file my_file_10.cif (mmCIF, C-alpha atoms)
data_final
loop_
_atom_site.group_PDB
_atom_site.id
_atom_site.type_symbol
_atom_site.label_atom_id
_atom_site.label_comp_id
_atom_site.auth_asym_id
_atom_site.auth_seq_id
_atom_site.Cartn_x
_atom_site.Cartn_y
_atom_site.Cartn_z
ATOM 1 C CA MET Y 1 -28.251 133.424 327.263
ATOM 2 C CA ALA Y 2 -24.819 131.826 327.468
ATOM 3 C CA ASP Y 3 -23.153 131.722 330.874
ATOM 4 C CA ALA Y 4 -20.527 134.271 329.885
ATOM 5 C CA ALA Y 5 -22.984 136.688 328.295
ATOM 6 C CA ILE Y 6 -24.275 139.787 330.035
ATOM 7 C CA ASP Y 7 -27.488 141.679 329.459
ATOM 8 C CA LEU Y 8 -26.821 145.401 329.333
ATOM 9 C CA GLY Y 9 -30.492 146.179 329.187
ATOM 10 C CA SER Y 10 -32.429 148.075 326.588
ATOM 11 C CA LEU Y 11 -32.048 151.633 325.476
ATOM 12 C CA LYS Y 12 -34.960 153.623 326.846
ATOM 13 C CA CYS Y 13 -36.410 156.458 324.794
ATOM 14 C CA ILE Y 14 -38.755 159.150 326.063
ATOM 15 C CA GLY Y 15 -39.969 161.979 323.869
ATOM 16 C CA THR Y 16 -42.853 164.363 323.467
ATOM 17 C CA ALA Y 17 -44.169 165.979 320.316
ATOM 18 C CA ASP Y 18 -47.191 167.691 318.859
ATOM 19 C CA CYS Y 19 -48.592 169.074 315.653
ATOM 20 C CA ILE Y 20 -50.290 172.455 315.518
ATOM 21 C CA GLY Y 21 -52.417 173.626 312.613
ATOM 22 C CA GLY Y 22 -52.483 172.157 309.152
ATOM 23 C CA LYS Y 23 -55.179 170.669 307.005
ATOM 24 C CA HIS Y 24 -56.983 167.418 307.358
ATOM 25 C CA PRO Y 25 -59.627 165.683 305.309
ATOM 26 C CA ASP Y 26 -63.264 165.650 306.363
ATOM 27 C CA PRO Y 27 -63.924 163.514 308.316
ATOM 28 C CA PRO Y 28 -60.517 163.634 310.039
ATOM 29 C CA LEU Y 29 -58.258 160.598 310.213
ATOM 30 C CA ASP Y 30 -57.869 160.422 313.979
ATOM 31 C CA ALA Y 31 -59.918 157.227 314.194
ATOM 32 C CA PHE Y 32 -58.239 155.687 311.144
ATOM 33 C CA PRO Y 33 -54.535 155.206 311.933
ATOM 34 C CA LEU Y 34 -53.973 153.062 308.840
ATOM 35 C CA LEU Y 35 -55.070 155.828 306.464
ATOM 36 C CA ALA Y 36 -53.158 158.922 305.351
ATOM 37 C CA TRP Y 37 -53.642 162.021 303.269
ATOM 38 C CA MET Y 38 -51.450 164.640 301.672
ATOM 39 C CA VAL Y 39 -52.250 167.610 299.482
ATOM 40 C CA SER Y 40 -50.777 165.962 296.403
ATOM 41 C CA HIS Y 41 -49.712 162.365 296.771
ATOM 42 C CA PRO Y 42 -47.636 161.245 293.762
ATOM 43 C CA ARG Y 43 -49.983 158.313 293.113
ATOM 44 C CA HIS Y 44 -53.266 159.275 294.699
ATOM 45 C CA GLY Y 45 -53.457 163.060 294.356
ATOM 46 C CA SER Y 46 -55.276 164.637 297.262
ATOM 47 C CA LYS Y 47 -57.305 161.553 298.102
ATOM 48 C CA VAL Y 48 -57.253 159.690 301.372
ATOM 49 C CA PHE Y 49 -55.223 156.517 300.909
ATOM 50 C CA THR Y 50 -53.959 153.602 302.936
ATOM 51 C CA GLU Y 51 -50.898 154.700 304.886
ATOM 52 C CA ASP Y 52 -48.799 152.068 303.116
ATOM 53 C CA GLY Y 53 -49.567 153.887 299.859
ATOM 54 C CA ALA Y 54 -51.210 150.836 298.296
ATOM 55 C CA ALA Y 55 -54.575 152.292 297.259
ATOM 56 C CA SER Y 56 -56.917 155.201 297.731
ATOM 57 C CA VAL Y 57 -60.102 154.934 299.776
ATOM 58 C CA GLU Y 58 -61.968 155.714 296.573
ATOM 59 C CA GLN Y 59 -60.372 152.779 294.718
ATOM 60 C CA ILE Y 60 -61.100 150.379 297.553
ATOM 61 C CA GLY Y 61 -64.642 151.709 297.933
ATOM 62 C CA LEU Y 62 -65.382 151.201 294.259
ATOM 63 C CA ASP Y 63 -63.932 147.707 294.259
ATOM 64 C CA ALA Y 64 -65.855 146.768 297.410
ATOM 65 C CA ALA Y 65 -69.028 146.756 295.335
ATOM 66 C CA THR Y 66 -67.772 143.850 293.244
ATOM 67 C CA THR Y 67 -65.386 142.199 295.703
ATOM 68 C CA PRO Y 68 -67.103 142.033 299.100
ATOM 69 C CA SER Y 69 -64.138 140.555 300.983
ATOM 70 C CA TYR Y 70 -61.525 142.412 303.012
ATOM 71 C CA GLU Y 71 -58.978 139.707 302.304
ATOM 72 C CA ALA Y 72 -59.612 139.607 298.564
ATOM 73 C CA LEU Y 73 -59.473 143.397 298.315
ATOM 74 C CA ALA Y 74 -56.257 143.382 300.317
ATOM 75 C CA VAL Y 75 -54.655 140.931 297.898
ATOM 76 C CA LYS Y 76 -55.898 142.935 294.924
ATOM 77 C CA HIS Y 77 -54.396 146.185 296.213
ATOM 78 C CA GLY Y 78 -51.317 144.783 297.896
ATOM 79 C CA THR Y 79 -52.217 145.829 301.413
ATOM 80 C CA THR Y 80 -53.693 144.223 304.527
ATOM 81 C CA ALA Y 81 -57.285 143.351 305.354
ATOM 82 C CA GLU Y 82 -57.143 145.809 308.265
ATOM 83 C CA HIS Y 83 -56.118 148.629 305.936
ATOM 84 C CA VAL Y 84 -59.045 147.687 303.687
ATOM 85 C CA ARG Y 85 -61.440 147.588 306.631
ATOM 86 C CA GLN Y 86 -60.431 151.090 307.727
ATOM 87 C CA ALA Y 87 -60.669 152.375 304.152
ATOM 88 C CA ILE Y 88 -64.224 151.077 303.829
ATOM 89 C CA GLU Y 89 -65.200 152.439 307.243
ATOM 90 C CA TYR Y 90 -63.786 155.805 306.201
ATOM 91 C CA ALA Y 91 -65.700 155.651 302.915
ATOM 92 C CA LEU Y 92 -68.876 155.027 304.903
ATOM 93 C CA ALA Y 93 -68.104 157.850 307.347
ATOM 94 C CA ALA Y 94 -67.469 160.212 304.444
ATOM 95 C CA LYS Y 95 -70.720 159.007 302.856
ATOM 96 C CA PHE Y 96 -68.807 157.887 299.780
ATOM 97 C CA LEU Y 97 -70.367 154.465 300.389
ATOM 98 C CA GLY Y 98 -73.594 153.528 302.059
ATOM 99 C CA MET U 1 -27.188 139.824 339.849
ATOM 100 C CA ALA U 2 -27.501 142.730 337.497
ATOM 101 C CA THR U 3 -24.451 143.706 335.518
ATOM 102 C CA ASN U 4 -23.488 147.322 336.021
ATOM 103 C CA LEU U 5 -21.133 149.553 334.103
ATOM 104 C CA LYS U 6 -18.923 152.398 335.160
ATOM 105 C CA ASP U 7 -20.572 155.746 334.419
ATOM 106 C CA THR U 8 -17.777 156.843 332.146
ATOM 107 C CA VAL U 9 -18.212 153.673 330.106
ATOM 108 C CA ARG U 10 -21.923 154.335 329.783
ATOM 109 C CA ALA U 11 -21.233 157.894 328.720
ATOM 110 C CA THR U 12 -18.766 156.668 326.128
ATOM 111 C CA MET U 13 -21.304 154.212 324.776
ATOM 112 C CA MET U 14 -24.022 156.856 324.453
ATOM 113 C CA GLY U 15 -21.540 159.382 323.112
ATOM 114 C CA ALA U 16 -20.905 157.097 320.182
ATOM 115 C CA ILE U 17 -24.417 157.733 318.890
ATOM 116 C CA PRO U 18 -24.027 161.415 317.924
ATOM 117 C CA THR U 19 -20.662 160.588 316.400
ATOM 118 C CA SER U 20 -22.208 157.838 314.324
ATOM 119 C CA CYS U 21 -25.066 160.134 313.272
ATOM 120 C CA GLY U 22 -22.645 162.694 311.893
ATOM 121 C CA ALA U 23 -23.210 166.389 311.271
ATOM 122 C CA SER U 24 -26.271 166.232 309.024
ATOM 123 C CA SER U 25 -28.650 163.745 310.615
ATOM 124 C CA HIS U 26 -32.413 163.888 310.310
ATOM 125 C CA LEU U 27 -35.422 162.690 312.290
ATOM 126 C CA MET U 28 -38.006 160.929 310.165
ATOM 127 C CA ILE U 29 -41.572 160.123 311.243
ATOM 128 C CA TYR U 30 -43.698 157.493 309.513
ATOM 129 C CA SER U 31 -47.129 155.939 309.790
ATOM 130 C CA GLY U 32 -47.738 152.268 310.445
ATOM 131 C CA SER U 33 -45.577 149.556 311.931
ATOM 132 C CA ALA U 34 -41.821 149.825 311.872
ATOM 133 C CA PRO U 35 -40.003 147.530 309.467
ATOM 134 C CA SER U 36 -36.583 146.086 310.184
ATOM 135 C CA LYS U 37 -34.158 148.919 310.917
ATOM 136 C CA THR U 38 -32.114 147.879 307.892
ATOM 137 C CA ALA U 39 -35.073 147.941 305.493
ATOM 138 C CA SER U 40 -36.382 150.871 303.507
ATOM 139 C CA PRO U 41 -39.067 152.735 305.432
ATOM 140 C CA THR U 42 -42.674 151.677 305.041
ATOM 141 C CA GLY U 43 -45.762 153.807 305.489
ATOM 142 C CA THR U 44 -46.204 157.491 304.750
ATOM 143 C CA SER U 45 -43.647 160.040 305.865
ATOM 144 C CA ALA U 46 -45.068 162.897 307.924
ATOM 145 C CA ILE U 47 -42.387 165.271 306.672
ATOM 146 C CA THR U 48 -40.878 164.248 303.360
ATOM 147 C CA ALA U 49 -37.458 165.731 304.070
ATOM 148 C CA GLY U 50 -37.517 164.964 307.779
ATOM 149 C CA ILE U 51 -36.499 167.294 310.582
ATOM 150 C CA ALA U 52 -32.868 168.385 310.366
ATOM 151 C CA LEU U 53 -31.016 167.774 313.613
ATOM 152 C CA SER U 54 -28.186 169.810 315.071
ATOM 153 C CA SER U 55 -24.688 169.188 313.750
ATOM 154 C CA THR U 56 -24.109 167.379 317.024
ATOM 155 C CA MET U 57 -27.499 165.748 317.362
ATOM 156 C CA GLY U 58 -27.351 165.274 321.116
ATOM 157 C CA THR U 59 -25.392 165.703 324.302
ATOM 158 C CA VAL U 60 -24.601 163.011 326.857
ATOM 159 C CA ALA U 61 -24.713 163.234 330.619
ATOM 160 C CA GLY U 62 -24.909 160.338 333.043
ATOM 161 C CA GLY U 63 -25.745 157.740 330.426
ATOM 162 C CA VAL U 64 -28.526 159.867 328.956
ATOM 163 C CA LEU U 65 -28.394 161.231 325.419
ATOM 164 C CA THR U 66 -30.557 164.332 325.041
ATOM 165 C CA LEU U 67 -31.555 165.630 321.627
ATOM 166 C CA SER U 68 -29.997 169.036 320.992
ATOM 167 C CA GLY U 69 -31.817 172.143 319.793
ATOM 168 C CA THR U 70 -35.257 171.280 321.078
ATOM 169 C CA PRO U 71 -37.900 172.282 320.369
ATOM 170 C CA LEU U 72 -37.271 171.234 316.772
ATOM 171 C CA ASN U 73 -39.897 171.979 314.154
ATOM 172 C CA GLY U 74 -40.880 170.788 310.713
ATOM 173 C CA THR U 75 -43.841 171.307 308.417
ATOM 174 C CA ALA U 76 -45.962 168.233 307.864
ATOM 175 C CA THR U 77 -46.401 167.138 304.256
ATOM 176 C CA ALA U 78 -49.031 164.512 305.031
ATOM 177 C CA SER U 79 -51.819 163.800 307.478
ATOM 178 C CA ILE U 80 -50.947 160.600 309.314
ATOM 179 C CA THR U 81 -51.070 158.881 312.652
ATOM 180 C CA PRO U 82 -47.412 158.611 313.722
ATOM 181 C CA GLY U 83 -46.248 155.015 314.041
ATOM 182 C CA TYR U 84 -42.467 155.011 314.242
ATOM 183 C CA TYR U 85 -39.446 157.257 313.929
ATOM 184 C CA ARG U 86 -35.926 156.978 312.673
ATOM 185 C CA VAL U 87 -32.815 159.029 313.225
ATOM 186 C CA ILE U 88 -30.735 158.702 310.087
ATOM 187 C CA ASP U 89 -27.263 159.910 309.209
ATOM 188 C CA GLY U 90 -27.595 162.210 306.222
ATOM 189 C CA SER U 91 -30.886 162.731 304.454
ATOM 190 C CA THR U 92 -31.523 159.490 302.576
ATOM 191 C CA ASP U 93 -33.605 156.922 304.382
ATOM 192 C CA ASP U 94 -33.181 153.615 302.602
ATOM 193 C CA GLY U 95 -32.465 151.439 305.608
ATOM 194 C CA THR U 96 -28.706 151.686 305.348
ATOM 195 C CA HIS U 97 -28.540 154.963 307.279
ATOM 196 C CA THR U 98 -30.715 154.080 310.270
ATOM 197 C CA GLN U 99 -28.973 155.081 313.472
ATOM 198 C CA ILE U 100 -31.956 154.827 315.832
ATOM 199 C CA GLN U 101 -35.449 153.477 315.288
ATOM 200 C CA GLY U 102 -38.300 153.587 317.775
ATOM 201 C CA SER U 103 -42.018 153.914 318.151
ATOM 202 C CA CYS U 104 -44.322 156.923 317.891
ATOM 203 C CA ALA U 105 -47.993 157.092 318.773
ATOM 204 C CA VAL U 106 -50.691 159.432 319.974
ATOM 205 C CA GLY U 107 -50.677 159.254 323.749
ATOM 206 C CA SER U 108 -47.966 156.595 323.967
ATOM 207 C CA GLY U 109 -44.836 155.364 322.230
ATOM 208 C CA ASP U 110 -41.211 156.336 322.575
ATOM 209 C CA ILE U 111 -42.166 159.682 321.075
ATOM 210 C CA ASN U 112 -45.543 160.530 322.526
ATOM 211 C CA PHE U 113 -47.578 162.788 320.256
ATOM 212 C CA SER U 114 -50.425 164.847 321.671
ATOM 213 C CA SER U 115 -52.385 164.472 318.431
ATOM 214 C CA THR U 116 -52.275 163.059 314.943
ATOM 215 C CA ILE U 117 -50.263 164.947 312.322
ATOM 216 C CA SER U 118 -52.050 167.226 309.849
ATOM 217 C CA SER U 119 -50.600 168.188 306.475
ATOM 218 C CA GLY U 120 -49.262 171.746 306.567
ATOM 219 C CA GLY U 121 -49.153 171.786 310.346
ATOM 220 C CA THR U 122 -46.066 172.435 312.428
ATOM 221 C CA VAL U 123 -44.653 169.276 313.951
ATOM 222 C CA THR U 124 -42.675 170.056 317.086
ATOM 223 C CA ILE U 125 -40.355 167.664 318.870
ATOM 224 C CA SER U 126 -40.432 169.153 322.342
ATOM 225 C CA SER U 127 -37.983 166.799 324.013
ATOM 226 C CA LEU U 128 -36.298 163.512 323.304
ATOM 227 C CA THR U 129 -33.896 161.460 325.382
ATOM 228 C CA TRP U 130 -32.328 158.023 325.116
ATOM 229 C CA THR U 131 -31.123 156.374 328.303
ATOM 230 C CA GLU U 132 -28.581 153.600 328.378
ATOM 231 C CA GLY U 133 -30.127 150.489 329.908
ATOM 232 C CA ASP U 134 -27.919 150.430 332.987
ATOM 233 C CA ALA U 135 -28.841 153.989 334.039
#
call {"tool": "encode", "arguments": {"input": "my_file_10.cif", "output": "structure tokens"}}
result
Amino acid sequence: MADAAIDLGSLKCIGTADCIGGKHPDPPLDAFPLLAWMVSHPRHGSKVFTEDGAASVEQIGLDAATTPSYEALAVKHGTTAEHVRQAIEYALAAKFLG
Amino acid sequence: MATNLKDTVRATMMGAIPTSCGASSHLMIYSGSAPSKTASPTGTSAITAGIALSSTMGTVAGGVLTLSGTPLNGTATASITPGYYRVIDGSTDDGTHTQIQGSCAVGSGDINFSSTISSGGTVTISSLTWTEGDA
């Protein structure tokens, strides 16, 4: 910081929130923060998909059979390897794979 | 030595936020990591239209801006784990209307959610404050 500059500090934010009721897929997404679901996604319908909207768990699960690499699947679907990993883990938990 | 500001100056600074937000601001909640505040939002929106804020979105006292009208509710349109929030002026979030951006999470974050968000559920913002750094 320059001699004449001053640091006014950072804005501090404190909030609380919750969500009551609603629907969730089975199994729920609590352990999969990089996945999302909505009743009718414009691209993926009612399927569970990566939260960045790149691909559905179903698409990634199907492609995992022929492309056994998180990184390669991530490139193919335009998402990250971590999103792919969670999608495959979800597919296994839902018994879509395995 | 810390640099301190007169309380009225701090109040003026924080009071500029509701003015900048205007009369039809919204709170948006998204999954994933926050992009640059000037970029279009990434991730999935918990509530497509966002939560409409009061015409004066907050009140200032002692360098603290407190969200008005709490608890504020909205119906979730997706099941997500909250990752970040934005307060935008108007209702279009394309990165050019971001007034405030911060983190959300379950059990932590600037906005601390008690649980993940389920589609069709009622999302409630119970309280929300922003404190100027010199407070």
call {"tool": "interface_residues", "arguments": {"input": "my_file_10.cif", "of": "chain U", "to": "chain Y", "cutoff": "8 Å", "atoms": "all atoms listed in the file", "output": "PyMOL selection string"}}
result
chain U and resi 3-4+31-32+42-44+76-81+102+110-134
call {"tool": "residues_around", "arguments": {"input": "my_file_10.cif", "residues": "U:Ala61", "least_positions_apart": "4", "cutoff": "10 Å", "atoms": "all atoms listed in the file", "output": "number ranges by chain"}}
result
U: 7-8, 10-12, 14-15, 65-66, 131
call {"tool": "residues_around", "arguments": {"input": "my_file_10.cif", "residues": "stretch 86-92 of chain Y", "least_positions_apart": "6", "cutoff": "6 Å", "atoms": "only C-alpha atoms", "output": "number ranges by chain"}}
result
Y: 57, 61, 98
call {"tool": "atom_distance", "arguments": {"input": "my_file_10.cif", "atom1": "atom CA of Y:Lys47", "atom2": "atom CA of U:Leu27"}}
result
26.1 Å
call {"tool": "atom_distance", "arguments": {"input": "my_file_10.cif", "atom1": "atom CA of U:Ser40", "atom2": "atom CA of U:His26"}}
result
15.2 Å
call {"tool": "resolve_selection", "arguments": {"input": "my_file_10.cif", "expression": "the PyMOL selection byres ((chain Y and resi 79) around 10)", "output": "PyMOL selection string"}}
result
chain Y and resi 50-55+71+73-78+80-84
call {"tool": "residues_around", "arguments": {"input": "my_file_10.cif", "residues": "U:Thr92", "least_positions_apart": "6", "cutoff": "12 Å", "atoms": "only C-alpha atoms", "output": "count of residues only"}}
result
13
call {"tool": "atom_distance", "arguments": {"input": "my_file_10.cif", "atom1": "atom CA of U:Ile47", "atom2": "atom CA of U:Gln99"}}
result
18.2 Å
call {"tool": "resolve_selection", "arguments": {"input": "my_file_10.cif", "expression": "the PyMOL selection byres ((chain U and resi 37) around 12)", "output": "PyMOL selection string"}}
result
chain U and resi 33-36+38-42+84-88+93-103
call {"tool": "axis_aligned_box", "arguments": {"input": "my_file_10.cif", "around": "stretch 55-73 of chain U", "padding_each_side": "8 Å", "output": "AutoDock Vina command-line options"}}
result
--center_x -32.0 --center_y 165.0 --center_z 323.4 --size_x 31.8 --size_y 30.5 --size_z 35.3
call {"tool": "resolve_selection", "arguments": {"input": "my_file_10.cif", "expression": "the PyMOL selection byres ((chain U and resi 57) around 6)", "output": "ChimeraX atom specification"}}
result
/U:18,53-56,58,67-68
call {"tool": "closest_residue", "arguments": {"input": "my_file_10.cif", "among": "U:Ser20, U:Gly107, U:Gly62, U:Leu72", "to": "U:Lys6", "atoms": "only C-alpha atoms"}}
result
U:Gly62
